[in-house]
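Here's coords_3.cif, which has mmCIF, C-alpha atoms and all ligand atoms:
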data_start
loop_
_atom_site.group_PDB
_atom_site.id
_atom_site.type_symbol
_atom_site.label_atom_id
_atom_site.label_comp_id
_atom_site.auth_asym_id
_atom_site.auth_seq_id
_atom_site.Cartn_x
_atom_site.Cartn_y
_atom_site.Cartn_z
ATOM 1 C CA MET O 1 109.710 62.660 88.677
ATOM 2 C CA MET O 2 112.724 60.428 89.256
ATOM 3 C CA ALA O 3 115.585 61.806 91.299
ATOM 4 C CA GLU O 4 118.892 60.369 92.461
ATOM 5 C CA ILE O 5 121.006 60.986 95.514
ATOM 6 C CA THR O 6 124.219 59.534 96.852
ATOM 7 C CA LEU O 7 124.546 59.503 100.626
ATOM 8 C CA LYS O 8 127.876 59.180 102.423
ATOM 9 C CA ILE O 9 127.338 56.916 105.403
ATOM 10 C CA GLU O 10 129.531 56.376 108.448
ATOM 11 C CA GLY O 11 129.397 53.344 110.682
ATOM 12 C CA MET O 12 129.184 50.710 107.971
ATOM 13 C CA SER O 13 131.887 48.060 108.101
ATOM 14 C CA CYS O 14 130.725 44.853 106.487
ATOM 15 C CA GLN O 15 128.177 43.104 104.307
ATOM 16 C CA HIS O 16 125.735 42.979 107.229
ATOM 17 C CA CYS O 17 125.749 46.771 107.286
ATOM 18 C CA VAL O 18 125.208 46.890 103.522
ATOM 19 C CA MET O 19 122.178 44.598 103.847
ATOM 20 C CA ALA O 20 120.753 46.574 106.779
ATOM 21 C CA VAL O 21 121.074 49.893 104.965
ATOM 22 C CA LYS O 22 119.670 48.484 101.730
ATOM 23 C CA LYS O 23 116.693 46.981 103.556
ATOM 24 C CA ALA O 24 115.959 50.301 105.282
ATOM 25 C CA ILE O 25 116.160 52.264 102.024
ATOM 26 C CA ASP O 26 114.252 49.786 99.873
ATOM 27 C CA GLY O 27 111.457 49.742 102.457
ATOM 28 C CA ILE O 28 110.594 53.374 101.748
ATOM 29 C CA ASP O 29 107.566 53.932 99.537
ATOM 30 C CA GLY O 30 108.763 55.719 96.404
ATOM 31 C CA VAL O 31 112.267 54.268 96.291
ATOM 32 C CA ASN O 32 112.881 52.815 92.858
ATOM 33 C CA SER O 33 116.309 51.283 93.295
ATOM 34 C CA SER O 34 119.372 51.470 95.470
ATOM 35 C CA THR O 35 123.004 50.561 95.138
ATOM 36 C CA VAL O 36 124.611 50.216 98.547
ATOM 37 C CA VAL O 37 128.266 49.613 99.350
ATOM 38 C CA VAL O 38 130.223 50.068 102.568
ATOM 39 C CA GLY O 39 130.284 53.834 103.105
ATOM 40 C CA SER O 40 127.692 55.009 100.625
ATOM 41 C CA ALA O 41 124.300 54.485 99.049
ATOM 42 C CA THR O 42 123.028 55.704 95.706
ATOM 43 C CA VAL O 43 119.259 55.828 95.542
ATOM 44 C CA THR O 44 116.833 56.584 92.737
ATOM 45 C CA TYR O 45 113.398 57.600 93.907
ATOM 46 C CA ASP O 46 110.137 59.203 92.877
ATOM 47 C CA SER O 47 110.353 62.764 94.176
ATOM 48 C CA ALA O 48 106.545 62.925 94.352
ATOM 49 C CA LYS O 49 106.572 60.166 96.976
ATOM 50 C CA THR O 50 109.711 60.597 99.047
ATOM 51 C CA ASN O 51 112.746 62.819 99.465
ATOM 52 C CA ALA O 52 116.366 62.929 100.582
ATOM 53 C CA ASP O 53 115.401 63.721 104.183
ATOM 54 C CA ALA O 54 113.186 60.650 104.466
ATOM 55 C CA ILE O 55 115.890 58.442 102.982
ATOM 56 C CA SER O 56 118.521 59.878 105.329
ATOM 57 C CA SER O 57 116.192 59.347 108.288
ATOM 58 C CA ALA O 58 115.679 55.705 107.379
ATOM 59 C CA VAL O 59 119.445 55.189 107.277
ATOM 60 C CA ARG O 60 119.831 56.881 110.664
ATOM 61 C CA ASN O 61 117.007 54.818 112.133
ATOM 62 C CA ALA O 62 118.833 51.694 110.997
ATOM 63 C CA GLY O 63 121.741 52.797 113.183
ATOM 64 C CA TYR O 64 124.122 54.515 110.766
ATOM 65 C CA LYS O 65 125.283 58.090 110.374
ATOM 66 C CA VAL O 66 124.654 60.106 107.219
ATOM 67 C CA VAL O 67 127.480 62.573 106.683
HETATM 68 CU CU CU O 101 128.561 45.485 109.389
#
Before anything else, please render the file you have as structure tokens.
Amino acid sequence: MMAEITLKIEGMSCQHCVMAVKKAIDGIDGVNSSTVVVGSATVTYDSAKTNADAISSAVRNAGYKVV
């Protein structure tokens, strides 16, 4: 089943950050699409394959803070 979340993200300041966050999110198995801008990411994903916690963790592991 498809689900969508929008994460508020601190620590992003430029297009490099946008690319880094998008790469981290899109690398997760089950992520269908993502729209990333400075400060937030909207992600659609297959809830049978991944979840909001896993997506938040990937963002944190890339060096940004999910708020
Ligand atoms: Cu940046």
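Residues selected in this file by the PyMOL selection byres (((chain O and resi 3-6) around 7) and not hetatm) comprise Met1, Met2, Leu7, Lys8, Ser40, Ala41, Thr42, Val43, Thr44, Tyr45, Asp46 and Ser47 of chain O.
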Expressed in Å, the length from CA of Asp29 in chain O to CA of Gln15 in chain O is 23.8 Å
Given only C-alpha atoms as the counted atoms, nearest of O:Asp53, O:Ser13, O:Ala58, O:Gly39 to Gly27 in chain O:
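When distances to Gly27 in chain O are compared using only C-alpha atoms, the smallest one comes from O:Ala58.
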Show me which residues are within 10 Å of ligand CU 101 (chain O) counting only C-alpha atoms and all ligand atoms, and format the list as a ChimeraX atom specification.
/O:11-21,38
Per-axis box centre and lengths in Å around range 30-35 of chain O, 6 Å margin per side, axis-aligned, as lines of an AutoDock Vina configuration file:
center_x = 115.9
center_y = 53.1
center_z = 94.6
size_x = 26.2
size_y = 17.2
size_z = 15.5
One decimal, Å: what's the distance from CA of Gly30 in chain O over to CA of Glu10 in chain O, could you say?
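Distance reported for this atom pair: 24.0 Å.
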Hey, can you check how far CA of Asn32 in chain O sits from CA of Arg60 in chain O?
19.5 Å
Pick out the closest residue to Val66 in chain O from this set: O:Ala48, O:Ala24, O:Val36, O:Ile9. Count only C-alpha atoms.
O:Ile9
Would you kindly place N, CA, C and O atoms on range 16-29 of chain O and return the model as a compact mmCIF listing (two decimals), in the frame of the given file?
# COMPACT_ATOMS: atom_id res chain seq x y z
N HIS O 16 126.94 42.86 106.39
CA HIS O 16 125.74 42.98 107.23
C HIS O 16 125.22 44.41 107.20
O HIS O 16 124.02 44.65 107.09
N CYS O 17 126.13 45.36 107.32
CA CYS O 17 125.75 46.77 107.29
C CYS O 17 125.13 47.12 105.93
O CYS O 17 124.15 47.86 105.87
N VAL O 18 125.73 46.63 104.87
CA VAL O 18 125.21 46.89 103.52
C VAL O 18 123.77 46.39 103.41
O VAL O 18 122.88 47.10 102.93
N MET O 19 123.53 45.18 103.91
CA MET O 19 122.18 44.60 103.85
C MET O 19 121.20 45.40 104.69
O MET O 19 120.05 45.62 104.29
N ALA O 20 121.64 45.82 105.88
CA ALA O 20 120.75 46.57 106.78
C ALA O 20 120.37 47.92 106.18
O ALA O 20 119.21 48.34 106.23
N VAL O 21 121.35 48.59 105.58
CA VAL O 21 121.07 49.89 104.96
C VAL O 21 120.19 49.72 103.74
O VAL O 21 119.22 50.47 103.54
N LYS O 22 120.47 48.72 102.93
CA LYS O 22 119.67 48.48 101.73
C LYS O 22 118.22 48.16 102.10
O LYS O 22 117.28 48.66 101.48
N LYS O 23 118.05 47.34 103.13
CA LYS O 23 116.69 46.98 103.56
C LYS O 23 115.93 48.23 104.02
O LYS O 23 114.75 48.40 103.70
N ALA O 24 116.60 49.08 104.78
CA ALA O 24 115.96 50.30 105.28
C ALA O 24 115.55 51.21 104.13
O ALA O 24 114.44 51.77 104.11
N ILE O 25 116.44 51.37 103.15
CA ILE O 25 116.16 52.26 102.02
C ILE O 25 115.08 51.67 101.12
O ILE O 25 114.13 52.37 100.73
N ASP O 26 115.21 50.40 100.80
CA ASP O 26 114.25 49.79 99.87
C ASP O 26 112.85 49.68 100.47
O ASP O 26 111.88 49.49 99.74
N GLY O 27 112.76 49.80 101.80
CA GLY O 27 111.46 49.74 102.46
C GLY O 27 110.66 51.03 102.37
O GLY O 27 109.50 51.07 102.76
N ILE O 28 111.27 52.08 101.85
CA ILE O 28 110.59 53.37 101.75
C ILE O 28 109.72 53.40 100.51
O ILE O 28 110.18 53.09 99.40
N ASP O 29 108.47 53.79 100.67
CA ASP O 29 107.57 53.93 99.54
C ASP O 29 108.10 55.04 98.62
O ASP O 29 108.38 56.14 99.08
